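Enquirer: See final-v2.cif below, with mmCIF, N, CA and C atoms and all ligand atoms.
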```cif
data_target
#
loop_
_atom_site.label_atom_id
_atom_site.label_comp_id
_atom_site.auth_asym_id
_atom_site.auth_seq_id
_atom_site.Cartn_x
_atom_site.Cartn_y
_atom_site.Cartn_z
N MET A 1285 -0.06 -8.77 14.31
CA MET A 1285 -1.50 -9.06 14.40
C MET A 1285 -2.09 -9.23 13.00
N LYS A 1286 -2.84 -10.31 12.81
CA LYS A 1286 -3.45 -10.58 11.51
C LYS A 1286 -4.96 -10.72 11.70
N ASP A 1287 -5.70 -10.41 10.64
CA ASP A 1287 -7.13 -10.68 10.61
C ASP A 1287 -7.32 -11.82 9.62
N PRO A 1288 -7.78 -12.99 10.09
CA PRO A 1288 -7.85 -14.17 9.22
C PRO A 1288 -8.78 -13.99 8.02
N ASP A 1289 -9.67 -13.01 8.08
CA ASP A 1289 -10.60 -12.79 6.95
C ASP A 1289 -10.14 -11.68 6.02
N CYS A 1290 -8.93 -11.14 6.26
CA CYS A 1290 -8.50 -9.97 5.50
C CYS A 1290 -7.63 -10.38 4.31
N LEU A 1291 -8.03 -9.93 3.11
CA LEU A 1291 -7.29 -10.27 1.88
C LEU A 1291 -5.82 -9.82 1.97
N PHE A 1292 -5.56 -8.61 2.45
CA PHE A 1292 -4.18 -8.13 2.45
C PHE A 1292 -3.35 -8.80 3.54
N CYS A 1293 -3.96 -9.22 4.65
CA CYS A 1293 -3.23 -10.06 5.61
C CYS A 1293 -2.82 -11.38 4.94
N LYS A 1294 -3.72 -11.93 4.11
CA LYS A 1294 -3.40 -13.19 3.41
C LYS A 1294 -2.29 -12.97 2.39
N ILE A 1295 -2.29 -11.82 1.72
CA ILE A 1295 -1.20 -11.51 0.78
C ILE A 1295 0.11 -11.35 1.56
N ALA A 1296 0.06 -10.65 2.69
CA ALA A 1296 1.27 -10.46 3.50
C ALA A 1296 1.80 -11.80 4.01
N GLY A 1297 0.89 -12.73 4.32
CA GLY A 1297 1.26 -14.05 4.83
C GLY A 1297 1.50 -15.08 3.74
N LYS A 1298 1.43 -14.65 2.47
CA LYS A 1298 1.67 -15.52 1.30
C LYS A 1298 0.63 -16.63 1.16
N GLU A 1299 -0.52 -16.47 1.84
CA GLU A 1299 -1.63 -17.41 1.62
C GLU A 1299 -2.31 -17.11 0.29
N VAL A 1300 -2.23 -15.86 -0.16
CA VAL A 1300 -2.76 -15.45 -1.47
C VAL A 1300 -1.57 -14.92 -2.27
N ASP A 1301 -1.46 -15.40 -3.52
CA ASP A 1301 -0.35 -15.00 -4.38
C ASP A 1301 -0.44 -13.53 -4.77
N SER A 1302 0.71 -12.91 -4.92
CA SER A 1302 0.76 -11.56 -5.47
C SER A 1302 2.12 -11.37 -6.11
N ASP A 1303 2.22 -10.33 -6.94
CA ASP A 1303 3.47 -10.00 -7.61
C ASP A 1303 4.25 -9.06 -6.70
N VAL A 1304 5.05 -9.66 -5.80
CA VAL A 1304 5.76 -8.87 -4.79
C VAL A 1304 6.93 -8.12 -5.43
N VAL A 1305 7.00 -6.82 -5.12
CA VAL A 1305 8.04 -5.95 -5.66
C VAL A 1305 9.16 -5.77 -4.63
N SER A 1306 8.78 -5.70 -3.36
CA SER A 1306 9.74 -5.46 -2.29
C SER A 1306 9.12 -5.90 -0.98
N GLU A 1307 9.99 -6.27 -0.04
CA GLU A 1307 9.49 -6.77 1.24
C GLU A 1307 10.51 -6.49 2.33
N SER A 1308 10.03 -6.14 3.52
CA SER A 1308 10.89 -6.00 4.69
C SER A 1308 10.19 -6.70 5.85
N ASP A 1309 10.76 -6.58 7.03
CA ASP A 1309 10.12 -7.21 8.20
C ASP A 1309 8.73 -6.64 8.45
N LEU A 1310 8.53 -5.37 8.12
CA LEU A 1310 7.29 -4.68 8.49
C LEU A 1310 6.32 -4.44 7.34
N VAL A 1311 6.85 -4.43 6.11
CA VAL A 1311 6.08 -3.92 4.96
C VAL A 1311 6.21 -4.87 3.77
N VAL A 1312 5.13 -5.01 2.99
CA VAL A 1312 5.18 -5.72 1.71
C VAL A 1312 4.64 -4.79 0.63
N ALA A 1313 5.28 -4.81 -0.53
CA ALA A 1313 4.82 -4.04 -1.69
C ALA A 1313 4.58 -5.01 -2.84
N PHE A 1314 3.44 -4.88 -3.49
CA PHE A 1314 3.07 -5.79 -4.57
C PHE A 1314 2.26 -5.04 -5.61
N ARG A 1315 2.24 -5.55 -6.84
CA ARG A 1315 1.55 -4.85 -7.93
C ARG A 1315 0.04 -5.04 -7.82
N ASP A 1316 -0.67 -3.94 -8.08
CA ASP A 1316 -2.13 -3.97 -8.09
C ASP A 1316 -2.61 -4.80 -9.29
N THR A 1317 -3.60 -5.68 -9.07
CA THR A 1317 -4.10 -6.52 -10.16
C THR A 1317 -4.96 -5.74 -11.15
N ASN A 1318 -5.37 -4.55 -10.78
CA ASN A 1318 -6.20 -3.72 -11.67
C ASN A 1318 -5.53 -2.34 -11.77
N PRO A 1319 -4.38 -2.29 -12.46
CA PRO A 1319 -3.56 -1.06 -12.38
C PRO A 1319 -4.25 0.15 -12.98
N ALA A 1320 -4.09 1.27 -12.27
CA ALA A 1320 -4.65 2.55 -12.71
C ALA A 1320 -3.58 3.44 -13.33
N ALA A 1321 -2.39 2.91 -13.49
CA ALA A 1321 -1.27 3.64 -14.09
C ALA A 1321 -0.22 2.59 -14.49
N PRO A 1322 0.72 2.94 -15.39
CA PRO A 1322 1.75 1.96 -15.78
C PRO A 1322 2.48 1.36 -14.58
N THR A 1323 2.80 2.18 -13.59
CA THR A 1323 3.27 1.64 -12.30
C THR A 1323 2.15 1.83 -11.29
N HIS A 1324 1.68 0.73 -10.73
CA HIS A 1324 0.66 0.80 -9.66
C HIS A 1324 1.00 -0.28 -8.64
N VAL A 1325 1.68 0.15 -7.59
CA VAL A 1325 2.14 -0.76 -6.54
C VAL A 1325 1.38 -0.43 -5.26
N LEU A 1326 0.98 -1.45 -4.53
CA LEU A 1326 0.35 -1.28 -3.22
C LEU A 1326 1.38 -1.61 -2.15
N LEU A 1327 1.47 -0.76 -1.14
CA LEU A 1327 2.37 -1.01 -0.01
C LEU A 1327 1.54 -1.16 1.24
N ILE A 1328 1.76 -2.25 1.97
CA ILE A 1328 0.95 -2.53 3.17
C ILE A 1328 1.85 -2.87 4.36
N PRO A 1329 1.39 -2.51 5.55
CA PRO A 1329 2.06 -3.05 6.74
C PRO A 1329 1.71 -4.54 6.84
N LYS A 1330 2.66 -5.35 7.32
CA LYS A 1330 2.35 -6.78 7.49
C LYS A 1330 1.31 -6.98 8.58
N ASP A 1331 1.33 -6.11 9.59
CA ASP A 1331 0.30 -6.18 10.64
C ASP A 1331 -0.99 -5.56 10.13
N HIS A 1332 -2.09 -6.06 10.66
CA HIS A 1332 -3.41 -5.56 10.23
C HIS A 1332 -3.70 -4.22 10.90
N ILE A 1333 -3.69 -3.17 10.09
CA ILE A 1333 -4.12 -1.83 10.51
C ILE A 1333 -5.21 -1.46 9.51
N VAL A 1334 -6.36 -1.03 9.98
CA VAL A 1334 -7.52 -0.88 9.09
C VAL A 1334 -7.30 0.22 8.06
N SER A 1335 -6.82 1.37 8.50
CA SER A 1335 -6.64 2.50 7.58
C SER A 1335 -5.73 3.53 8.24
N ALA A 1336 -5.46 4.61 7.53
CA ALA A 1336 -4.64 5.69 8.08
C ALA A 1336 -5.30 6.31 9.31
N ARG A 1337 -6.61 6.17 9.41
CA ARG A 1337 -7.33 6.72 10.57
C ARG A 1337 -6.88 6.08 11.88
N GLU A 1338 -6.43 4.83 11.82
CA GLU A 1338 -6.05 4.09 13.03
C GLU A 1338 -4.58 4.29 13.41
N LEU A 1339 -3.83 5.03 12.60
CA LEU A 1339 -2.39 5.18 12.88
C LEU A 1339 -2.15 6.02 14.13
N LYS A 1340 -1.22 5.55 14.94
CA LYS A 1340 -0.83 6.23 16.17
C LYS A 1340 0.68 6.41 16.15
N ARG A 1341 1.16 7.20 17.09
CA ARG A 1341 2.60 7.45 17.21
C ARG A 1341 3.40 6.14 17.29
N GLU A 1342 2.83 5.13 17.92
CA GLU A 1342 3.54 3.86 18.08
C GLU A 1342 3.78 3.16 16.74
N HIS A 1343 3.08 3.59 15.68
CA HIS A 1343 3.30 3.02 14.35
C HIS A 1343 4.40 3.74 13.58
N GLY A 1344 5.17 4.57 14.28
CA GLY A 1344 6.18 5.39 13.61
C GLY A 1344 7.14 4.60 12.72
N ASP A 1345 7.60 3.44 13.21
CA ASP A 1345 8.57 2.66 12.42
C ASP A 1345 7.97 2.17 11.11
N VAL A 1346 6.74 1.68 11.19
CA VAL A 1346 6.13 1.12 9.97
C VAL A 1346 5.78 2.25 9.00
N VAL A 1347 5.38 3.39 9.51
CA VAL A 1347 5.07 4.53 8.63
C VAL A 1347 6.34 5.00 7.92
N ALA A 1348 7.45 5.11 8.65
CA ALA A 1348 8.71 5.51 8.02
C ALA A 1348 9.13 4.48 6.98
N GLU A 1349 9.02 3.22 7.32
CA GLU A 1349 9.44 2.13 6.43
C GLU A 1349 8.61 2.12 5.14
N ILE A 1350 7.32 2.33 5.27
CA ILE A 1350 6.44 2.24 4.09
C ILE A 1350 6.75 3.39 3.11
N PHE A 1351 7.04 4.59 3.64
CA PHE A 1351 7.37 5.71 2.75
C PHE A 1351 8.78 5.56 2.18
N GLU A 1352 9.70 5.04 2.95
CA GLU A 1352 11.05 4.80 2.41
C GLU A 1352 10.99 3.77 1.29
N MET A 1353 10.21 2.71 1.51
CA MET A 1353 10.11 1.66 0.48
C MET A 1353 9.45 2.23 -0.77
N ALA A 1354 8.42 3.06 -0.60
CA ALA A 1354 7.74 3.66 -1.75
C ALA A 1354 8.74 4.49 -2.57
N ALA A 1355 9.57 5.26 -1.91
CA ALA A 1355 10.55 6.10 -2.62
C ALA A 1355 11.57 5.22 -3.36
N ARG A 1356 11.98 4.12 -2.74
CA ARG A 1356 12.94 3.20 -3.36
C ARG A 1356 12.33 2.56 -4.61
N ILE A 1357 11.07 2.13 -4.49
CA ILE A 1357 10.41 1.49 -5.64
C ILE A 1357 10.25 2.51 -6.76
N ALA A 1358 9.84 3.72 -6.42
CA ALA A 1358 9.67 4.77 -7.44
C ALA A 1358 10.99 4.99 -8.18
N SER A 1359 12.08 5.02 -7.44
CA SER A 1359 13.40 5.19 -8.05
C SER A 1359 13.73 3.99 -8.95
N ASP A 1360 13.50 2.79 -8.44
CA ASP A 1360 13.77 1.58 -9.23
C ASP A 1360 12.94 1.53 -10.51
N GLU A 1361 11.73 2.07 -10.45
CA GLU A 1361 10.84 2.07 -11.62
C GLU A 1361 11.13 3.24 -12.55
N GLY A 1362 12.09 4.08 -12.16
CA GLY A 1362 12.48 5.20 -13.00
C GLY A 1362 11.49 6.36 -13.00
N LEU A 1363 10.73 6.49 -11.93
CA LEU A 1363 9.70 7.54 -11.87
C LEU A 1363 10.32 8.81 -11.29
N ASP A 1364 10.23 9.91 -12.04
CA ASP A 1364 10.70 11.18 -11.46
C ASP A 1364 9.53 11.92 -10.80
N ALA A 1365 8.31 11.58 -11.18
CA ALA A 1365 7.12 12.15 -10.53
C ALA A 1365 6.14 11.00 -10.32
N TYR A 1366 5.49 11.03 -9.21
CA TYR A 1366 4.55 9.95 -8.90
C TYR A 1366 3.59 10.42 -7.83
N ARG A 1367 2.58 9.62 -7.58
CA ARG A 1367 1.59 9.99 -6.56
C ARG A 1367 1.45 8.85 -5.57
N ILE A 1368 1.32 9.21 -4.28
CA ILE A 1368 1.03 8.24 -3.22
C ILE A 1368 -0.33 8.60 -2.66
N VAL A 1369 -1.24 7.61 -2.68
CA VAL A 1369 -2.62 7.84 -2.25
C VAL A 1369 -2.99 6.78 -1.23
N THR A 1370 -3.72 7.17 -0.19
CA THR A 1370 -4.36 6.17 0.67
C THR A 1370 -5.80 6.59 0.90
N ASN A 1371 -6.72 5.74 0.52
CA ASN A 1371 -8.15 6.02 0.71
C ASN A 1371 -8.55 5.61 2.12
N VAL A 1372 -9.35 6.42 2.76
CA VAL A 1372 -9.80 6.14 4.14
C VAL A 1372 -11.32 6.09 4.14
N GLY A 1373 -11.86 4.86 4.27
CA GLY A 1373 -13.31 4.68 4.32
C GLY A 1373 -13.89 4.47 2.93
N PRO A 1374 -14.99 3.70 2.86
CA PRO A 1374 -15.62 3.38 1.58
C PRO A 1374 -16.02 4.62 0.79
N GLY A 1375 -16.41 5.67 1.47
CA GLY A 1375 -16.82 6.89 0.78
C GLY A 1375 -15.69 7.54 0.01
N ALA A 1376 -14.46 7.25 0.39
CA ALA A 1376 -13.29 7.77 -0.32
C ALA A 1376 -12.71 6.73 -1.28
N GLY A 1377 -13.36 5.56 -1.37
CA GLY A 1377 -12.89 4.54 -2.30
C GLY A 1377 -12.11 3.40 -1.67
N GLN A 1378 -12.05 3.34 -0.34
CA GLN A 1378 -11.33 2.22 0.29
C GLN A 1378 -12.18 0.95 0.18
N SER A 1379 -11.68 -0.03 -0.56
CA SER A 1379 -12.43 -1.28 -0.75
C SER A 1379 -11.83 -2.43 0.04
N VAL A 1380 -10.60 -2.29 0.53
CA VAL A 1380 -9.96 -3.32 1.36
C VAL A 1380 -9.60 -2.66 2.69
N SER A 1381 -10.12 -3.23 3.78
CA SER A 1381 -9.96 -2.61 5.11
C SER A 1381 -8.66 -3.01 5.77
N HIS A 1382 -7.57 -2.78 5.06
CA HIS A 1382 -6.21 -2.99 5.56
C HIS A 1382 -5.40 -1.86 4.94
N LEU A 1383 -4.80 -1.04 5.77
CA LEU A 1383 -4.07 0.14 5.29
C LEU A 1383 -3.19 -0.19 4.09
N HIS A 1384 -3.31 0.61 3.03
CA HIS A 1384 -2.43 0.45 1.88
C HIS A 1384 -2.17 1.80 1.24
N LEU A 1385 -0.93 1.99 0.82
CA LEU A 1385 -0.59 3.13 -0.02
C LEU A 1385 -0.61 2.68 -1.46
N HIS A 1386 -1.25 3.47 -2.31
CA HIS A 1386 -1.14 3.27 -3.76
C HIS A 1386 0.04 4.12 -4.23
N LEU A 1387 0.99 3.49 -4.90
CA LEU A 1387 2.08 4.21 -5.56
C LEU A 1387 1.77 4.18 -7.06
N LEU A 1388 1.50 5.35 -7.61
CA LEU A 1388 1.04 5.46 -9.00
C LEU A 1388 2.02 6.32 -9.78
N GLY A 1389 2.41 5.85 -10.96
CA GLY A 1389 3.32 6.66 -11.77
C GLY A 1389 3.39 6.13 -13.19
N GLY A 1390 4.08 6.89 -14.03
CA GLY A 1390 4.27 6.47 -15.41
C GLY A 1390 3.29 7.10 -16.38
N ARG A 1391 2.45 7.99 -15.88
CA ARG A 1391 1.56 8.76 -16.76
C ARG A 1391 1.36 10.12 -16.11
N SER A 1392 0.80 11.06 -16.88
CA SER A 1392 0.56 12.38 -16.29
C SER A 1392 -0.62 12.29 -15.32
N MET A 1393 -0.59 13.11 -14.31
CA MET A 1393 -1.59 13.10 -13.23
C MET A 1393 -2.32 14.44 -13.23
N SER A 1394 -3.61 14.39 -13.01
CA SER A 1394 -4.35 15.65 -12.89
C SER A 1394 -4.65 15.91 -11.41
N TRP A 1395 -5.00 17.14 -11.13
CA TRP A 1395 -5.33 17.53 -9.76
C TRP A 1395 -6.50 18.50 -9.80
N PRO A 1396 -7.51 18.42 -8.95
CA PRO A 1396 -7.65 17.44 -7.88
C PRO A 1396 -8.06 16.06 -8.40
N PRO A 1397 -7.77 15.01 -7.61
CA PRO A 1397 -8.18 13.66 -7.98
C PRO A 1397 -9.70 13.54 -7.91
N GLY A 1398 -10.27 12.61 -8.62
CA GLY A 1398 -11.72 12.45 -8.65
C GLY A 1398 -12.26 11.80 -7.39
P1 LIG B 1401 -8.71 0.66 -2.41
O1 LIG B 1401 -9.87 0.69 -3.36
O2 LIG B 1401 -9.10 -0.04 -1.12
O3 LIG B 1401 -8.08 2.00 -2.16
O4 LIG B 1401 -7.58 -0.18 -3.11
C1 LIG B 1401 -7.60 -1.58 -3.15
C2 LIG B 1401 -6.79 -2.00 -4.33
O5 LIG B 1401 -6.53 -3.38 -4.20
C3 LIG B 1401 -7.49 -1.81 -5.68
O6 LIG B 1401 -6.71 -0.95 -6.50
C4 LIG B 1401 -7.58 -3.22 -6.25
O7 LIG B 1401 -7.36 -3.28 -7.65
C5 LIG B 1401 -6.51 -3.97 -5.47
N1 LIG B 1401 -6.77 -5.37 -5.26
C6 LIG B 1401 -7.94 -5.94 -4.87
N2 LIG B 1401 -7.80 -7.26 -4.75
C7 LIG B 1401 -6.50 -7.54 -5.05
C8 LIG B 1401 -5.74 -8.75 -5.07
O8 LIG B 1401 -6.22 -9.85 -4.77
N3 LIG B 1401 -4.43 -8.66 -5.42
C9 LIG B 1401 -3.85 -7.45 -5.76
N4 LIG B 1401 -2.56 -7.48 -6.09
N5 LIG B 1401 -4.54 -6.30 -5.74
C10 LIG B 1401 -5.84 -6.34 -5.39
ZN ZN B 1402 -5.36 -7.19 7.15
#
```
Let me see the structure of the file written as structure tokens.

Expert:
Amino acid sequence: MKDPDCLFCKIAGKEVDSDVVSESDLVVAFRDTNPAAPTHVLLIPKDHIVSARELKREHGDVVAEIFEMAARIASDEGLDAYRIVTNVGPGAGQSVSHLHLHLLGGRSMSWPPG
């Protein structure tokens, strides 16, 4: 399922260019154009899911795949520590209404996040 007005659906469908790092049947990973860390990769389901709030048990395969791909990319990038973030809703900083994990690494991280 795609949303024709959604930027990340267009990236998944290659209608909009991106720097793709990894891809499977269910998931695409590409570099963030405004990186917040030396490694900043976004991982998205190819299907349009608005946010983590909409995830159901039936999304089990894509959830497993997205975390497996994140771990593989982190390893390929040589990251021994990294952070995975997903913002849910504009109040938490979600600016694109298509579920995405931010994979951030390559610098020290503070806690709690801002
Ligand atoms: P959010 O703020 O929704 O959690 O994260 C959206 C992310 O998408 C931001 O980090 C932003 O820099 C990134 N982004 C927005 N537009 C594009 C784009 O066209 N291409 C890529 N690669 N990243 C984008
Ligand atoms: Zn979408």

Enquirer: Which one of A:Arg1337, A:Ser1381, A:Asp1345, A:Leu1363 sits closest to ligand ZN 1402 (chain B) if you count only N, CA and C atoms and all ligand atoms?

Expert: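 Looking only at the distances to ligand ZN 1402 (chain B), the closest residue turns out to be A:Ser1381.
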
Enquirer: If you measure from atom CA of Ile1328 of chain A to atom CA of Ser1392 of chain A, what distance in Å do you get, rounded to one decimal?

Expert: 24.5 Å

Enquirer: How many Å separate atom C of Glu1361 of chain A from atom N of Asp1331 of chain A?

Expert: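 Between atom C of Glu1361 of chain A and atom N of Asp1331 of chain A the gap is 26.0 Å.
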
Enquirer: Residues of chain A that have any atom at most 8 Å from an atom of ligand ZN 1402 (chain B): could you tabulate them with the shortest-distance atom pair and the distance in Å to one decimal, using all atoms listed in the file, ordered by chain and increasing number, as CSV?

Expert:
```
residue,atom,partner,partner_atom,distance
A:Met1285,C,B:ZN1402,ZN,7.0
A:Lys1286,C,B:ZN1402,ZN,5.8
A:Asp1287,N,B:ZN1402,ZN,4.8
A:Pro1288,N,B:ZN1402,ZN,6.9
A:Asp1289,C,B:ZN1402,ZN,6.7
A:Cys1290,CA,B:ZN1402,ZN,4.5
A:Leu1291,N,B:ZN1402,ZN,5.6
A:Phe1292,C,B:ZN1402,ZN,4.4
A:Cys1293,N,B:ZN1402,ZN,3.5
A:Lys1294,N,B:ZN1402,ZN,5.9
A:Ile1295,N,B:ZN1402,ZN,7.8
A:Ala1296,N,B:ZN1402,ZN,7.8
A:Pro1329,C,B:ZN1402,ZN,7.6
A:Lys1330,C,B:ZN1402,ZN,6.8
A:Asp1331,C,B:ZN1402,ZN,5.5
A:His1332,CA,B:ZN1402,ZN,4.0
A:Ile1333,N,B:ZN1402,ZN,5.3
A:Val1334,N,B:ZN1402,ZN,6.9
A:Val1380,C,B:ZN1402,ZN,7.6
A:Ser1381,C,B:ZN1402,ZN,5.5
A:His1382,CA,B:ZN1402,ZN,4.6
A:Leu1383,N,B:ZN1402,ZN,6.3
```

Enquirer: Would you mind writing down, as a ChimeraX atom specification, each residue of chain A that DSSP on the backbone assigns to strand (DSSP E)?

Expert: /A:1304-1307,1311-1315,1323-1329,1366-1369,1385-1389

Enquirer: Enter the distance from atom C of Gln1378 of chain A to atom CA of Gly1362 of chain A, in Å, rounded to one decimal.

Expert: 28.3 Å

Enquirer: Quick check for you: according to DSSP on this backbone, which residues of chain A are classed as alpha helix (DSSP H)? Reply as a ChimeraX atom specification.

Expert: /A:1291-1296,1344-1360

Enquirer: Please return as a VMD selection string the residues found within 8 Å of ligand LIG 1401 (chain B), counting all atoms listed in the file.

Expert: chain A and resid 1291 to 1292 1295 1300 to 1304 1314 to 1320 1326 1369 to 1374 1376 to 1386
